[in-house]
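Structure file start.txt (compact mmCIF, C-alpha atoms) is printed below.
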# COMPACT_ATOMS: atom_id res chain seq x y z
CA MET X 8 101.69 -2.96 -5.14
CA LYS X 9 103.63 -5.39 -7.36
CA LYS X 10 102.67 -8.28 -5.04
CA ALA X 11 99.03 -7.22 -5.14
CA LEU X 12 98.99 -7.21 -8.95
CA LEU X 13 100.64 -10.63 -9.06
CA THR X 14 98.10 -11.98 -6.60
CA GLN X 15 95.21 -10.52 -8.61
CA PHE X 16 96.57 -12.23 -11.72
CA LEU X 17 96.95 -15.59 -9.93
CA PHE X 18 93.45 -15.32 -8.48
CA LEU X 19 91.91 -14.59 -11.87
CA LEU X 20 93.95 -17.38 -13.45
CA CYS X 21 92.53 -19.84 -10.90
CA LEU X 22 88.99 -18.59 -11.55
CA PHE X 23 89.10 -18.86 -15.32
CA THR X 24 91.13 -22.02 -15.85
CA PRO X 25 90.28 -25.58 -14.85
CA ALA X 26 90.86 -26.22 -11.16
CA LEU X 27 94.35 -27.27 -10.24
CA SER X 28 94.60 -30.89 -9.22
CA MET X 29 94.56 -31.95 -5.60
CA ALA X 30 98.06 -33.28 -6.27
CA ASP X 31 99.27 -29.66 -6.55
CA ALA X 32 97.72 -28.83 -3.17
CA ASN X 33 99.22 -31.99 -1.64
CA SER X 34 102.62 -31.11 -3.07
CA PHE X 35 102.23 -27.60 -1.62
CA LYS X 36 101.53 -29.08 1.82
CA ALA X 37 104.55 -31.38 1.56
CA ASP X 38 106.77 -28.47 0.48
CA VAL X 39 105.59 -26.30 3.40
CA ARG X 40 106.07 -29.12 5.93
CA LYS X 41 109.54 -29.91 4.57
CA SER X 42 110.56 -26.25 4.65
CA GLN X 43 109.23 -25.89 8.20
CA ARG X 44 111.41 -28.79 9.36
CA GLU X 45 114.42 -26.81 8.12
CA CYS X 46 113.10 -23.39 9.11
CA PRO X 47 109.96 -23.38 11.34
CA ARG X 48 109.08 -19.72 10.70
CA LEU X 49 109.71 -20.01 6.94
CA ASN X 50 112.03 -17.01 7.04
CA CYS X 51 115.30 -18.71 6.05
CA ALA X 52 117.05 -18.24 2.71
CA GLN X 53 117.73 -21.98 2.30
CA ALA X 54 114.07 -23.02 2.73
CA GLN X 55 112.26 -24.22 -0.40
CA VAL X 56 109.35 -21.91 0.39
CA HIS X 57 109.33 -18.73 2.45
CA LEU X 58 106.80 -16.18 3.66
CA GLU X 59 106.31 -12.60 2.53
CA THR X 60 104.13 -10.52 4.80
CA ILE X 61 101.80 -8.08 3.10
CA SER X 62 100.76 -4.76 4.58
CA VAL X 63 97.19 -3.76 5.35
CA THR X 64 97.30 -1.48 2.30
CA GLU X 65 98.47 -4.35 0.06
CA TYR X 66 95.76 -6.59 1.53
CA ARG X 67 93.06 -4.02 0.80
CA ALA X 68 94.35 -3.75 -2.77
CA LEU X 69 93.66 -7.46 -3.36
CA PRO X 70 90.47 -8.26 -5.29
CA ALA X 71 87.39 -8.43 -3.05
CA GLU X 72 86.73 -12.00 -4.25
CA LEU X 73 90.20 -13.08 -3.11
CA ARG X 74 89.80 -11.43 0.30
CA GLU X 75 86.44 -13.19 0.73
CA LYS X 76 87.93 -16.58 -0.23
CA LEU X 77 90.74 -16.08 2.30
CA ARG X 78 88.20 -15.23 5.03
CA GLU X 79 86.20 -18.36 4.11
CA VAL X 80 89.31 -20.53 4.39
CA ALA X 81 90.12 -19.03 7.82
CA PHE X 82 86.54 -19.72 8.96
CA ASP X 83 86.70 -23.31 7.69
CA LEU X 84 90.06 -23.97 9.37
CA ALA X 85 88.76 -22.65 12.70
CA GLN X 86 85.86 -25.12 12.72
CA VAL X 87 88.10 -27.77 14.33
CA TRP X 88 88.30 -25.64 17.49
CA GLY X 89 85.11 -27.30 18.73
CA ASP X 90 87.03 -30.59 18.92
CA THR X 91 90.31 -29.11 20.12
CA ILE X 92 90.83 -25.97 22.20
CA LEU X 93 87.13 -25.42 22.94
CA GLU X 94 86.96 -28.89 24.53
CA GLY X 95 89.10 -27.38 27.27
CA ASP X 96 88.36 -24.45 29.55
CA PHE X 97 87.60 -21.91 26.81
CA GLU X 98 84.59 -20.57 25.01
CA ALA X 99 84.66 -18.46 21.86
CA HIS X 100 82.31 -15.49 21.65
CA HIS X 101 82.33 -13.98 18.21
CA GLN X 102 83.04 -14.50 14.56
CA ILE X 103 86.40 -15.52 13.15
CA LYS X 104 88.61 -12.56 12.23
CA LEU X 105 91.31 -12.83 9.57
CA ASP X 106 94.24 -11.07 11.28
CA THR X 107 97.10 -11.41 8.78
CA VAL X 108 97.78 -12.80 5.32
CA GLU X 109 101.23 -13.80 4.15
CA PHE X 110 102.22 -15.00 0.70
CA VAL X 111 103.90 -18.40 0.54
CA VAL X 112 106.59 -17.95 -2.10
CA GLU X 113 108.65 -20.54 -3.96
CA GLY X 114 111.39 -18.98 -6.04
CA SER X 115 109.67 -15.81 -7.20
CA SER X 116 106.15 -17.28 -7.48
CA ILE X 117 103.31 -17.04 -4.99
CA VAL X 118 102.21 -20.65 -4.44
CA GLY X 119 99.81 -20.12 -1.54
CA TYR X 120 98.87 -18.19 1.54
CA ARG X 121 99.49 -18.37 5.28
CA LEU X 122 96.54 -17.03 7.25
CA THR X 123 96.44 -16.05 10.91
CA TYR X 124 92.93 -15.88 12.29
CA SER X 125 91.34 -15.44 15.70
CA ALA X 126 88.14 -15.10 17.70
CA SER X 127 87.45 -13.38 20.99
CA ALA X 128 87.22 -15.92 23.81
CA LYS X 129 87.07 -16.40 27.55
CA GLU X 130 88.81 -18.81 29.90
CA VAL X 131 85.77 -20.11 31.78
CA SER X 132 87.41 -21.01 35.11
CA THR X 133 89.12 -17.63 35.57
CA GLY X 134 86.91 -15.34 33.51
CA ARG X 135 89.98 -13.99 31.69
CA GLU X 136 89.14 -12.46 28.32
CA GLY X 137 91.39 -12.91 25.31
CA ARG X 138 91.55 -14.38 21.85
CA ILE X 139 92.00 -17.84 20.39
CA VAL X 140 94.64 -17.46 17.67
CA GLU X 141 95.80 -19.95 15.04
CA SER X 142 97.46 -20.02 11.63
CA GLY X 143 96.97 -22.18 8.58
CA PHE X 144 97.99 -22.53 4.95
CA VAL X 145 96.12 -22.85 1.68
CA HIS X 146 97.35 -23.46 -1.86
CA LYS X 147 96.71 -20.69 -4.41
CA SER X 148 93.93 -22.88 -5.88
CA PHE X 149 92.22 -22.81 -2.44
CA ARG X 150 92.31 -26.59 -2.34
CA GLY X 151 93.56 -28.57 0.63
CA PRO X 152 93.85 -25.98 3.42
CA PHE X 153 95.73 -27.18 6.50
CA ARG X 154 96.67 -25.88 9.93
CA ASP X 155 100.17 -24.65 10.69
CA ASN X 156 101.61 -27.21 13.13
CA HIS X 157 103.89 -24.48 14.48
CA SER X 158 100.97 -22.17 15.28
CA LEU X 159 98.04 -24.31 16.44
CA ALA X 160 95.12 -22.79 18.33
CA ARG X 161 96.14 -21.11 21.58
CA PHE X 162 94.47 -18.76 24.00
CA MET X 163 96.12 -15.36 24.35
CA SER X 164 94.95 -13.45 27.40
CA GLU X 165 94.35 -9.74 26.98
CA ALA X 166 96.34 -7.51 29.32
CA LYS X 167 94.28 -6.01 32.11
CA PRO X 168 94.21 -2.20 32.13
CA ARG X 169 96.26 -0.60 34.89
CA ARG X 170 94.35 1.22 37.62

Hey, can you dump this file as structure tokens for me?
Amino acid sequence: MKKALLTQFLFLLCLFTPALSMADANSFKADVRKSQRECPRLNCAQAQVHLETISVTEYRALPAELREKLREVAFDLAQVWGDTILEGDFEAHHQIKLDTVEFVVEGSSIVGYRLTYSASAKEVSTGREGRIVESGFVHKSFRGPFRDNHSLARFMSEAKPRR
């Protein structure tokens, strides 16, 4: 609940103050990339930034406006699939789903978000059903979103039911 209140405060601060400069978002990207070189999953104590996963309950406690902005960022990041994974043997069927949200934390401050998003898909040549899954980051100002180079779009086949 404490994380949700902090996130609500940060979201409102971004809404009611002048937009943070693109330099802040660029610095955020550089900090994430640097930390990922040292610790690809951003779960190491020595990394400059690390991730804190939030529960479904904590996510639902976030302001509706914040949840909508996060969904919009996930949708925008997934638009490159037409020039990447969908150029291969896959077709996506449905809307983009925001699967998980993690806080990107530096020190004790939330500086951004890591989003994992997906869409149902099919491998055309085999007919296998599954999901295209990818992750990306966005600064707390919602400027300069970028894909997670350690979790680029991939097709995950759904297990077939046993007969």

Top pick for closest residue to X:Ala160, considering X:Ala85, X:Val140, X:Val131, X:Val145 and counting only C-alpha atoms: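 Selected residue with least distance to X:Ala160: X:Val140.
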
Polymer residues at most 12 Å from X:Asp38, all atoms listed in the file, same-chain spacing of 6 or more positions, as a count of residues only: 17

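Minimum atom-to-atom distance to X:Arg48, evaluated using all atoms listed in the file, belongs to X:Thr60 out of X:Trp88, X:Thr60, X:Glu72, X:Leu93.
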
From X:Asp83, X:Glu130, X:Tyr66, X:Ile139, residue lying nearest X:His101 [all atoms listed in the file]: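 Once distances to X:His101 are computed over all atoms listed in the file, the minimum belongs to X:Ile139.
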
Computed interatomic separation between atom CA of X:Val108 and atom CA of X:Ile61 (Å):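 About the pair atom CA of X:Val108 and atom CA of X:Ile61: they are 6.6 Å apart.
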
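Shortest atom-to-atom contact with X:Ala81 among X:Ala128, X:Leu159, X:Leu58, X:Ile103: X:Ile103, counting all atoms listed in the file.
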
Within 9 Å of X:Gly137 using all atoms listed in the file, minus same-chain residues under 4 positions, as a count of residues only: 10

Atom-to-atom span, atom CA of X:Leu69 and atom CA of X:His157, Å: 26.7 Å

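For X:Leu105, the set of protein, DNA and RNA residues having any atom at most 12 Å away, when counting all atoms listed in the file and skipping those fewer than 3 positions along the same chain, is Val63, Tyr66, Arg74, Glu75, Lys76, Leu77, Arg78, Glu79, Val80, Ala81, Phe82, Asp83, Leu84, Ala85, Gln102, Val108, Glu109, Arg121, Leu122, Thr123, Tyr124, Ser125, Ala126, Ile139, Val140, Glu141, Ser142 and Gly143 of chain X.
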
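Atom pair atom CA of X:Pro47 / atom CA of X:Ser148 has a distance of 23.5 Å (rounded to one decimal).
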
With 6 Å added on each side, what axis-aligned box encloses every listed atom of stretch 139-147 of chain X? Give the centre and edge lengths in Å to one decimal, as lines of an AutoDock Vina configuration file.
center_x = 95.0
center_y = -20.5
center_z = 8.0
size_x = 18.0
size_y = 18.0
size_z = 36.8
